[in-house]
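Here is the file start.csv (CSV, C-alpha atoms and all ligand atoms).
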```csv
chain,number,residue,atom,x,y,z
A,10,MET,CA,0.0,0.0,0.0
A,11,HIS,CA,1.2,3.5,-0.8
A,12,THR,CA,0.5,5.8,2.0
A,13,ASN,CA,1.9,8.8,0.2
A,14,SER,CA,-1.6,9.8,-0.8
A,15,ILE,CA,-5.3,8.9,-0.2
A,16,ILE,CA,-8.4,8.7,-2.3
A,17,GLU,CA,-11.6,9.8,-0.6
A,18,LEU,CA,-15.1,8.8,-1.8
A,19,ASN,CA,-17.8,11.2,-0.9
A,20,LYS,CA,-20.9,9.2,0.0
A,21,SER,CA,-23.4,12.1,0.1
A,22,ALA,CA,-22.2,13.3,-3.3
A,23,TYR,CA,-22.8,9.7,-4.6
A,24,GLN,CA,-26.2,9.5,-3.1
A,25,LYS,CA,-27.2,12.8,-4.8
A,26,ASN,CA,-26.0,11.5,-8.1
A,27,ILE,CA,-28.0,8.3,-7.7
A,28,ASP,CA,-31.1,10.2,-6.6
A,29,PHE,CA,-30.8,12.4,-9.7
A,30,LEU,CA,-30.3,9.4,-12.0
A,31,LYS,CA,-33.2,7.5,-10.5
A,32,LYS,CA,-35.4,10.5,-10.8
A,33,THR,CA,-34.4,10.9,-14.4
A,34,PHE,CA,-35.0,7.3,-15.4
A,35,GLY,CA,-38.0,6.5,-13.3
A,36,LYS,CA,-38.8,3.6,-11.1
A,37,LYS,CA,-39.3,1.0,-13.9
A,38,VAL,CA,-35.7,1.2,-15.2
A,39,ILE,CA,-33.0,-0.8,-13.4
A,40,LEU,CA,-30.0,1.3,-12.6
A,41,SER,CA,-26.9,-0.8,-13.1
A,42,SER,CA,-23.7,0.6,-11.7
A,43,VAL,CA,-20.8,0.1,-14.1
A,44,VAL,CA,-17.6,-0.5,-12.0
A,45,LYS,CA,-15.1,-1.8,-14.6
A,46,GLY,CA,-11.6,-0.3,-14.5
A,47,ASN,CA,-11.4,-0.5,-10.7
A,48,ALA,CA,-14.7,1.5,-10.5
A,49,TYR,CA,-13.2,4.1,-12.8
A,50,GLY,CA,-10.3,4.4,-10.5
A,51,HIS,CA,-12.4,4.9,-7.4
A,52,GLY,CA,-11.5,1.5,-6.0
A,53,ILE,CA,-14.0,-1.3,-6.7
A,54,ALA,CA,-14.1,-2.9,-3.2
A,55,GLU,CA,-14.8,0.3,-1.3
A,56,PHE,CA,-17.0,1.7,-4.1
A,57,VAL,CA,-19.4,-1.2,-4.4
A,58,ASN,CA,-20.0,-1.2,-0.6
A,59,MET,CA,-20.8,2.5,-0.7
A,60,ALA,CA,-23.0,2.0,-3.7
A,61,TYR,CA,-24.8,-0.9,-1.9
A,62,GLU,CA,-25.5,1.3,1.1
A,63,CYS,CA,-26.9,3.9,-1.3
A,64,GLY,CA,-29.4,1.4,-2.7
A,65,LEU,CA,-27.6,-0.1,-5.8
A,66,ARG,CA,-28.4,-3.8,-6.4
A,67,HIS,CA,-27.1,-4.3,-9.9
A,68,PHE,CA,-23.5,-4.0,-11.1
A,69,SER,CA,-21.8,-4.3,-14.5
A,70,VAL,CA,-18.2,-5.2,-14.9
A,71,PHE,CA,-15.8,-6.0,-17.8
A,72,ASP,CA,-14.5,-9.4,-16.6
A,73,VAL,CA,-14.9,-12.2,-14.2
A,74,GLU,CA,-12.0,-11.0,-12.0
A,75,GLU,CA,-14.1,-7.9,-11.2
A,76,ALA,CA,-17.2,-10.0,-10.7
A,77,LYS,CA,-15.3,-12.0,-8.1
A,78,SER,CA,-14.3,-8.9,-6.2
A,79,ILE,CA,-17.9,-7.8,-6.0
A,80,ARG,CA,-19.1,-11.3,-4.9
A,81,ALA,CA,-16.4,-11.2,-2.2
A,82,GLN,CA,-17.7,-7.8,-0.9
A,83,LEU,CA,-21.5,-8.2,-1.3
A,84,GLN,CA,-22.0,-12.0,-1.7
A,85,HIS,CA,-25.4,-12.8,-3.3
A,86,ARG,CA,-27.2,-9.6,-2.3
A,87,VAL,CA,-26.6,-8.1,-5.7
A,88,THR,CA,-26.8,-9.0,-9.4
A,89,ILE,CA,-23.6,-8.9,-11.4
A,90,MET,CA,-23.4,-8.7,-15.2
A,91,VAL,CA,-20.1,-9.3,-17.1
A,92,MET,CA,-20.2,-7.2,-20.3
A,93,GLY,CA,-16.8,-8.3,-21.7
A,94,LEU,CA,-14.4,-11.1,-21.1
A,95,VAL,CA,-15.3,-14.5,-19.6
A,96,ASN,CA,-12.2,-16.7,-19.9
A,97,GLU,CA,-12.6,-20.4,-20.7
A,98,GLN,CA,-11.4,-21.3,-17.2
A,99,ASP,CA,-13.8,-18.8,-15.6
A,100,MET,CA,-17.0,-20.0,-17.2
A,101,ASP,CA,-17.8,-22.6,-14.5
A,102,TRP,CA,-17.2,-20.1,-11.7
A,103,ALA,CA,-19.5,-17.5,-13.4
A,104,ILE,CA,-22.4,-20.0,-13.8
A,105,GLU,CA,-21.9,-21.6,-10.4
A,106,ASN,CA,-22.0,-18.2,-8.8
A,107,GLU,CA,-24.9,-16.9,-10.7
A,108,VAL,CA,-23.0,-14.2,-12.5
A,109,GLU,CA,-24.8,-13.0,-15.7
A,110,PHE,CA,-22.8,-12.4,-18.8
A,111,PHE,CA,-22.9,-11.1,-22.3
A,112,VAL,CA,-22.8,-13.7,-25.1
A,113,PHE,CA,-21.6,-12.3,-28.4
A,114,ASN,CA,-20.4,-15.2,-30.4
A,115,LYS,CA,-21.2,-18.9,-30.9
A,116,ILE,CA,-18.1,-20.2,-29.2
A,117,ARG,CA,-19.2,-18.6,-26.0
A,118,LEU,CA,-22.7,-19.8,-26.4
A,119,THR,CA,-21.5,-23.3,-26.8
A,120,LYS,CA,-19.2,-23.1,-23.9
A,121,ALA,CA,-21.9,-21.6,-21.6
A,122,LEU,CA,-24.3,-24.4,-22.5
A,123,LYS,CA,-21.7,-27.1,-21.9
A,124,SER,CA,-20.8,-25.7,-18.5
A,125,ALA,CA,-24.4,-25.3,-17.5
A,126,LYS,CA,-25.1,-28.9,-18.4
A,127,LYS,CA,-22.1,-30.1,-16.5
A,128,LEU,CA,-22.9,-28.1,-13.4
A,129,HIS,CA,-26.7,-28.7,-13.5
A,130,LYS,CA,-27.1,-25.0,-13.1
A,131,LYS,CA,-28.7,-22.5,-15.6
A,132,ALA,CA,-26.5,-20.0,-17.3
A,133,LYS,CA,-28.0,-16.5,-17.3
A,134,ILE,CA,-27.1,-14.9,-20.5
A,135,HIS,CA,-27.5,-11.6,-22.3
A,136,ILE,CA,-27.4,-11.9,-26.0
A,137,GLU,CA,-25.4,-9.0,-27.4
A,138,LEU,CA,-26.3,-7.8,-30.9
A,139,GLU,CA,-24.1,-6.1,-33.5
A,140,THR,CA,-26.0,-2.9,-34.4
A,141,GLY,CA,-23.1,-0.9,-35.8
A,142,MET,CA,-20.3,-0.5,-33.4
A,143,HIS,CA,-18.5,-3.4,-34.9
A,144,ARG,CA,-16.7,-4.7,-31.9
A,145,THR,CA,-18.7,-7.5,-30.3
A,146,GLY,CA,-22.2,-8.8,-31.0
A,147,PHE,CA,-24.2,-11.2,-33.1
A,148,GLU,CA,-25.1,-10.4,-36.7
A,149,LYS,CA,-28.6,-10.6,-38.1
A,150,ARG,CA,-27.6,-13.7,-40.0
A,151,ASP,CA,-26.7,-15.5,-36.7
A,152,LEU,CA,-30.2,-15.0,-35.2
A,153,ASN,CA,-32.0,-18.1,-36.5
A,154,SER,CA,-29.4,-20.4,-35.0
A,155,ILE,CA,-29.3,-18.6,-31.6
A,156,ILE,CA,-33.1,-18.6,-31.4
A,157,GLU,CA,-33.1,-22.3,-32.1
A,158,THR,CA,-30.4,-22.9,-29.4
A,159,LEU,CA,-32.2,-20.8,-26.8
A,160,LYS,CA,-35.5,-22.6,-27.5
A,161,ARG,CA,-34.0,-26.1,-27.5
A,162,GLU,CA,-31.8,-25.5,-24.4
A,163,SER,CA,-34.2,-23.5,-22.2
A,164,GLU,CA,-33.5,-25.9,-19.4
A,165,HIS,CA,-29.9,-24.8,-19.3
A,166,LEU,CA,-29.9,-21.3,-20.7
A,167,VAL,CA,-31.9,-18.4,-19.2
A,168,PHE,CA,-32.5,-15.7,-21.9
A,169,LYS,CA,-32.0,-12.9,-19.4
A,170,GLY,CA,-31.3,-10.0,-21.6
A,171,LEU,CA,-30.9,-8.7,-25.2
A,172,CYS,CA,-28.4,-5.9,-25.5
A,173,THR,CA,-26.2,-3.7,-27.6
A,174,HIS,CA,-23.8,-0.8,-27.1
A,175,TYR,CA,-23.6,2.5,-29.0
A,176,ALA,CA,-20.6,3.9,-30.9
A,177,GLY,CA,-20.2,7.3,-29.3
A,178,ALA,CA,-23.6,8.6,-28.1
A,179,GLU,CA,-21.7,11.4,-26.2
A,180,SER,CA,-21.1,13.3,-29.5
A,181,ILE,CA,-23.7,14.9,-31.8
A,182,ALA,CA,-21.3,14.1,-34.6
A,183,ASN,CA,-22.3,10.4,-34.2
A,184,TYR,CA,-26.1,11.2,-34.1
A,185,TYR,CA,-26.9,9.5,-37.4
A,186,ARG,CA,-24.8,6.4,-36.6
A,187,VAL,CA,-26.4,5.9,-33.2
A,188,ASP,CA,-29.9,6.6,-34.5
A,189,LYS,CA,-29.3,3.8,-37.0
A,190,GLN,CA,-28.2,1.5,-34.3
A,191,ILE,CA,-31.3,2.1,-32.2
A,192,LYS,CA,-33.5,1.2,-35.2
A,193,ARG,CA,-31.5,-1.9,-36.0
A,194,PHE,CA,-31.7,-3.1,-32.4
A,195,GLU,CA,-35.4,-2.7,-32.3
A,196,GLU,CA,-35.8,-4.6,-35.6
A,197,MET,CA,-33.7,-7.5,-34.4
A,198,TYR,CA,-35.6,-7.5,-31.1
A,199,GLN,CA,-38.9,-7.8,-33.0
A,200,TYR,CA,-37.4,-10.5,-35.2
A,201,ILE,CA,-36.6,-12.6,-32.1
A,202,CYS,CA,-40.0,-12.0,-30.5
A,203,ASN,CA,-41.7,-13.0,-33.8
A,204,HIS,CA,-39.9,-16.3,-33.5
A,205,GLY,CA,-41.5,-17.3,-30.3
A,206,ILE,CA,-38.9,-16.3,-27.6
A,207,GLN,CA,-38.4,-13.2,-25.6
A,208,PRO,CA,-35.6,-11.9,-23.3
A,209,GLU,CA,-36.6,-11.0,-19.8
A,210,ILE,CA,-35.2,-7.5,-20.3
A,211,LYS,CA,-33.5,-5.4,-23.0
A,212,HIS,CA,-30.9,-2.8,-22.5
A,213,SER,CA,-28.6,-0.6,-24.5
A,214,ALA,CA,-27.8,2.7,-22.8
A,215,CYS,CA,-24.6,4.0,-21.3
A,216,SER,CA,-24.6,7.4,-19.5
A,217,ALA,CA,-24.5,9.4,-22.7
A,218,ALA,CA,-27.1,7.4,-24.6
A,219,SER,CA,-29.4,7.5,-21.5
A,220,MET,CA,-29.4,11.3,-21.6
A,221,MET,CA,-29.2,12.0,-25.3
A,222,PHE,CA,-31.5,9.3,-26.6
A,223,PRO,CA,-34.1,8.6,-23.8
A,224,GLU,CA,-35.7,5.8,-25.9
A,225,THR,CA,-32.5,3.8,-25.3
A,226,ARG,CA,-33.2,3.4,-21.6
A,227,MET,CA,-35.5,0.4,-22.1
A,228,ASP,CA,-35.5,-1.9,-19.0
A,229,LEU,CA,-32.0,-1.2,-17.6
A,230,VAL,CA,-29.4,1.5,-18.0
A,231,ARG,CA,-25.6,0.8,-17.6
A,232,ILE,CA,-24.3,3.9,-15.9
A,233,GLY,CA,-20.6,4.5,-15.4
A,234,ILE,CA,-19.2,8.0,-15.6
A,235,MET,CA,-22.3,9.9,-14.4
A,236,GLN,CA,-22.7,8.0,-11.1
A,237,TYR,CA,-19.1,9.2,-10.4
A,238,GLY,CA,-20.4,12.8,-10.8
A,239,LEU,CA,-18.9,13.5,-14.2
A,240,TRP,CA,-20.5,14.1,-17.6
A,241,PRO,CA,-19.6,11.8,-20.5
A,242,SER,CA,-18.7,15.0,-22.6
A,243,PRO,CA,-19.4,18.7,-22.5
A,244,GLU,CA,-22.0,18.2,-25.2
A,245,VAL,CA,-24.1,15.9,-23.0
A,246,PHE,CA,-23.9,18.4,-20.2
A,247,VAL,CA,-24.9,21.4,-22.4
A,248,ASN,CA,-27.7,19.3,-23.9
A,249,TYR,CA,-29.0,18.6,-20.4
A,250,LEU,CA,-28.8,22.2,-19.3
A,251,ASN,CA,-30.7,23.4,-22.5
A,252,SER,CA,-33.6,21.2,-21.4
A,253,LYS,CA,-33.8,22.7,-17.9
A,254,LYS,CA,-34.8,26.1,-16.5
A,255,SER,CA,-32.3,26.1,-13.7
A,256,LYS,CA,-28.8,25.9,-15.0
A,257,ILE,CA,-27.4,23.9,-12.2
A,258,ASP,CA,-25.2,20.9,-12.5
A,259,PRO,CA,-27.1,18.1,-10.7
A,260,LEU,CA,-23.9,15.9,-10.5
A,261,GLN,CA,-21.3,16.0,-7.8
A,262,ARG,CA,-17.8,14.7,-8.0
A,263,VAL,CA,-17.4,11.6,-5.7
A,264,ILE,CA,-13.6,11.3,-5.8
A,265,SER,CA,-10.9,13.4,-4.1
A,266,TRP,CA,-7.2,12.8,-4.2
A,267,LYS,CA,-5.0,14.2,-1.5
A,268,SER,CA,-1.3,14.0,-0.5
A,269,LYS,CA,1.1,15.9,1.7
A,270,ILE,CA,4.2,18.0,1.2
A,271,MET,CA,7.3,15.8,1.5
A,272,ASN,CA,10.1,18.4,1.2
A,273,LEU,CA,10.6,22.1,0.8
A,274,LYS,CA,13.4,23.7,-1.0
A,275,ILE,CA,14.6,27.2,-2.0
A,276,VAL,CA,15.9,27.5,-5.6
A,277,ASN,CA,17.9,30.4,-6.8
A,278,SER,CA,17.1,32.3,-9.9
A,279,GLY,CA,18.9,30.8,-12.9
A,280,GLU,CA,18.7,27.2,-11.7
A,281,PHE,CA,16.8,24.3,-13.4
A,282,ILE,CA,14.3,22.3,-11.4
A,283,GLY,CA,14.1,18.6,-11.7
A,284,TYR,CA,15.4,16.4,-14.5
A,285,GLY,CA,16.8,18.1,-17.5
A,286,THR,CA,16.1,21.7,-18.5
A,287,SER,CA,12.3,21.9,-18.9
A,288,PHE,CA,11.9,24.4,-16.1
A,289,LEU,CA,14.2,27.4,-15.4
A,290,ALA,CA,13.7,29.4,-12.2
A,291,GLU,CA,13.5,33.0,-13.3
A,292,ARG,CA,13.4,34.3,-9.8
A,293,LYS,CA,14.3,32.9,-6.4
A,294,MET,CA,11.6,30.3,-5.8
A,295,LYS,CA,10.2,28.1,-3.0
A,296,ILE,CA,9.4,24.6,-4.2
A,297,ALA,CA,7.4,21.9,-2.5
A,298,VAL,CA,8.1,18.3,-3.4
A,299,ILE,CA,5.0,16.0,-3.5
A,300,PRO,CA,5.4,12.2,-3.3
A,301,ILE,CA,3.2,11.6,-6.3
A,302,GLY,CA,4.3,10.7,-9.8
A,303,TYR,CA,3.2,8.9,-12.9
A,304,ALA,CA,3.6,5.5,-11.2
A,305,HIS,CA,0.6,6.6,-9.1
A,306,GLY,CA,-1.4,7.7,-12.1
A,307,TYR,CA,-0.5,11.4,-12.2
A,308,SER,CA,0.1,11.8,-15.9
A,309,ARG,CA,3.6,12.8,-17.1
A,310,SER,CA,1.9,15.1,-19.6
A,311,LEU,CA,0.9,17.3,-16.6
A,312,SER,CA,4.6,18.3,-16.3
A,313,ASN,CA,4.8,22.1,-16.1
A,314,GLN,CA,1.0,22.1,-16.4
A,315,GLY,CA,-0.8,20.4,-13.6
A,316,ARG,CA,-2.4,22.4,-10.7
A,317,VAL,CA,-2.7,21.4,-7.1
A,318,LEU,CA,-4.1,23.2,-4.0
A,319,ILE,CA,-2.0,24.0,-1.0
A,320,ASN,CA,-3.2,26.1,1.9
A,321,GLY,CA,-5.9,27.6,-0.2
A,322,HIS,CA,-3.6,28.5,-3.1
A,323,ARG,CA,-3.5,27.1,-6.6
A,324,CYS,CA,0.0,25.9,-7.3
A,325,ILE,CA,1.5,24.9,-10.6
A,326,VAL,CA,3.7,21.8,-11.3
A,327,VAL,CA,7.2,22.9,-12.2
A,328,GLY,CA,9.5,20.6,-14.2
A,329,SER,CA,8.6,17.1,-15.2
A,330,VAL,CA,6.4,14.7,-13.3
A,331,ASN,CA,8.7,11.9,-12.2
A,332,MET,CA,7.9,8.3,-11.4
A,333,ASN,CA,7.2,8.9,-7.7
A,334,MET,CA,7.6,12.7,-7.2
A,335,MET,CA,6.8,16.1,-8.6
A,336,SER,CA,7.6,19.6,-7.6
A,337,VAL,CA,5.2,22.5,-7.3
A,338,ASP,CA,5.8,26.3,-7.0
A,339,VAL,CA,4.8,27.6,-3.5
A,340,THR,CA,6.9,30.8,-3.7
A,341,ASP,CA,3.9,33.0,-3.0
A,342,ILE,CA,2.6,31.1,-0.1
A,343,GLU,CA,4.0,32.6,3.1
A,344,LYS,CA,3.1,29.9,5.5
A,345,VAL,CA,3.9,26.5,4.1
A,346,LYS,CA,5.5,23.5,5.8
A,347,LYS,CA,6.3,19.9,5.4
A,348,GLU,CA,3.2,17.7,5.8
A,349,ASP,CA,0.8,20.4,4.7
A,350,GLU,CA,-2.2,19.0,2.7
A,351,VAL,CA,-1.9,18.9,-1.1
A,352,VAL,CA,-5.1,18.4,-3.1
A,353,LEU,CA,-4.6,16.8,-6.5
A,354,ILE,CA,-8.3,16.4,-7.2
A,355,GLY,CA,-10.9,18.0,-5.0
A,356,ASN,CA,-11.6,21.1,-2.9
A,357,GLN,CA,-9.7,23.2,-0.4
A,358,ASN,CA,-10.7,26.5,1.1
A,359,GLY,CA,-13.3,27.2,-1.7
A,360,LEU,CA,-11.0,26.3,-4.6
A,361,THR,CA,-11.4,23.2,-6.7
A,362,VAL,CA,-9.3,21.1,-9.0
A,363,SER,CA,-12.0,19.2,-10.9
A,364,VAL,CA,-11.3,16.0,-12.8
A,365,ALA,CA,-12.3,17.8,-16.0
A,366,SER,CA,-9.9,20.7,-15.5
A,367,PHE,CA,-7.2,18.3,-14.6
A,368,SER,CA,-7.8,16.1,-17.7
A,369,ASP,CA,-8.2,19.0,-20.1
A,370,PHE,CA,-4.7,20.1,-19.3
A,371,SER,CA,-3.4,16.8,-20.6
A,372,ASN,CA,-6.1,16.2,-23.3
A,373,GLN,CA,-7.2,13.1,-21.6
A,374,LEU,CA,-10.8,12.0,-21.2
A,375,ASN,CA,-12.2,11.9,-17.7
A,376,TYR,CA,-12.4,8.2,-18.1
A,377,GLU,CA,-8.8,7.6,-18.9
A,378,LEU,CA,-7.4,9.9,-16.2
A,379,LEU,CA,-9.5,8.3,-13.5
A,380,THR,CA,-8.7,4.7,-14.4
A,381,ARG,CA,-5.0,5.4,-14.3
A,382,ILE,CA,-5.1,6.3,-10.6
A,383,SER,CA,-3.1,3.5,-8.9
A,384,LYS,CA,-4.9,0.6,-7.3
A,385,THR,CA,-2.5,0.6,-4.4
A,386,ILE,CA,-3.5,4.0,-3.0
A,387,PRO,CA,-5.8,3.5,0.0
A,388,ARG,CA,-9.5,4.5,-0.5
A,389,LYS,CA,-11.7,5.9,2.3
A,390,ILE,CA,-15.4,6.6,2.3
A,391,ILE,CA,-16.4,9.9,3.9
A,392,GLU,CA,-20.0,10.4,4.9
A,401,LIG,C1,-18.3,1.2,-20.0
A,401,LIG,C2,-19.6,0.7,-20.5
A,401,LIG,C3,-20.8,1.4,-20.1
A,401,LIG,C4,-20.8,2.6,-19.2
A,401,LIG,O1,-20.4,3.7,-19.9
A,401,LIG,P1,-20.4,5.2,-19.3
A,401,LIG,O2,-20.2,6.1,-20.5
A,401,LIG,O3,-19.3,5.3,-18.3
A,401,LIG,O4,-21.8,5.4,-18.7
A,401,LIG,C5,-22.0,0.8,-20.6
A,401,LIG,N1,-22.0,-0.2,-21.4
A,401,LIG,C6,-20.9,-0.9,-21.8
A,401,LIG,C7,-21.0,-2.1,-22.7
A,401,LIG,C8,-19.7,-0.4,-21.4
A,401,LIG,O5,-18.6,-1.0,-21.7
```

Could you quickly redo this structure as structure tokens?
Amino acid sequence: MHTNSIIELNKSAYQKNIDFLKKTFGKKVILSSVVKGNAYGHGIAEFVNMAYECGLRHFSVFDVEEAKSIRAQLQHRVTIMVMGLVNEQDMDWAIENEVEFFVFNKIRLTKALKSAKKLHKKAKIHIELETGMHRTGFEKRDLNSIIETLKRESEHLVFKGLCTHYAGAESIANYYRVDKQIKRFEEMYQYICNHGIQPEIKHSACSAASMMFPETRMDLVRIGIMQYGLWPSPEVFVNYLNSKKSKIDPLQRVISWKSKIMNLKIVNSGEFIGYGTSFLAERKMKIAVIPIGYAHGYSRSLSNQGRVLINGHRCIVVGSVNMNMMSVDVTDIEKVKKEDEVVLIGNQNGLTVSVASFSDFSNQLNYELLTRISKTIPRKIIE
């Protein structure tokens, strides 16, 4: 465990996000909390416990490894759905432990059926359809054979869901493509129903689709980024505001990232700071060294760019972000000492470093920046 910094999860902020999302989608839509990528860097173990306490009962993950960590935390009190990878050797575990999973090719369908028969336990599957993203999913020409298998093997396979994923609903530029996907999904759903079987639920929406295309909400929404208090893109946020009288952001950032000053140093005018020559002190400067670097997920592209908060001041990173350390300019802060709090993401004395401002500096998406935050940093839930 690194104790050089701490990630705090704000439970009341999370509850507000969930309240907003539930109100937006209504009671009939299941809200599935997407916690792949270590819960978008928030820390999956701590995060799912907090989410459970805030009323979440459905979680979506990328792989079985993540499903296992949720089962370890919450046992059988929640539903888990794997949207991506189920390795051969994990299939038995998934079925045995009643983990639901996407099936997007015949190899997996055959494997699921075989395991289910062997274990005398039904596999709960979500048939994923190809509607235009061209990543995973069954094509229209595959439908007859899937329908036949599902009908014949209904003792072993539960047709839990029918689903798809959109190729970029967060951007208006993709409107035409997503709109076509929505229509294709509906057509294929009808085709299946017309052949005498029906999924228990159908679902397709991620955060962006759920806001930009309400018809995609269907029976369940798979919400990642918005539950963490961030918009999928500025476009989705602006689109939301345009639909409302009050121009208030209903979402609140859940994560904060804090560290402490490890060393202070006076540097004379004319000296370079850190490796190489990327930063030249043009005056006598006071520098604080922070024990955070790219090994912890603080991007190297924030060299000479990133901002942190110390004693209520906004301070700029000087020189390059190193593997485990970086330096910030504290020349203009009179009272500053070793161990003083450093906010990398979050609030301090009325100032904020948001995830968005932080990622804009380095041209990263919120998603990418968050998931890079090291797993080894301790996570703490604050009420
Ligand atoms: C990641 C993911 C989501 C959630 O996306 P957000 O934009 O974070 O809401 C939904 N569905 C699938 C298939 C995903 O991979």

Do you have the atom CA of A:Lys160-atom CA of A:Lys131 distance handy?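 Atom-to-atom, atom CA of A:Lys160 and atom CA of A:Lys131 are spaced 13.7 Å apart.
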
Do you know which residues are at most 6 Å from A:Val330 counting only C-alpha atoms, after dropping those on the same chain fewer than 5 positions away, and could you put them as a list in words?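 Once the adjacent positions are removed, what remains is Gly302, Arg309, Ser312 and Met335 of chain A.
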
Compare A:Cys63, A:Ile53, A:Leu239, A:Ile79 by their minimum atom-to-atom distance to ligand LIG 401 (chain A), counting only C-alpha atoms and all ligand atoms, and give me the closest one.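 Of A:Cys63, A:Ile53, A:Leu239, A:Ile79, the one nearest ligand LIG 401 (chain A) is A:Leu239, counting only C-alpha atoms and all ligand atoms.
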
Counting all atoms listed in the file, name the residues that have an atom within 7 Å of an atom of ligand LIG 401 (chain A); the answer should be given as a list in words. Val43, Lys45, Phe71, Met92, His174, Ala214, Cys215, Ser216, Ala217, Arg231, Ile232, Gly233, Ile234, Met235 and Pro241 of chain A

Counting only C-alpha atoms, which residue out of A:Glu224, A:Asp188, A:Asp338, A:Glu75 sits closest to A:Arg292?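 Counting only C-alpha atoms, the residue closest to A:Arg292 is A:Asp338.
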
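Among the candidate residues A:Lys77, A:Leu289, A:Ile257, A:His129, the one lying nearest to A:Asn106 is A:Lys77, with distances computed using all atoms listed in the file.
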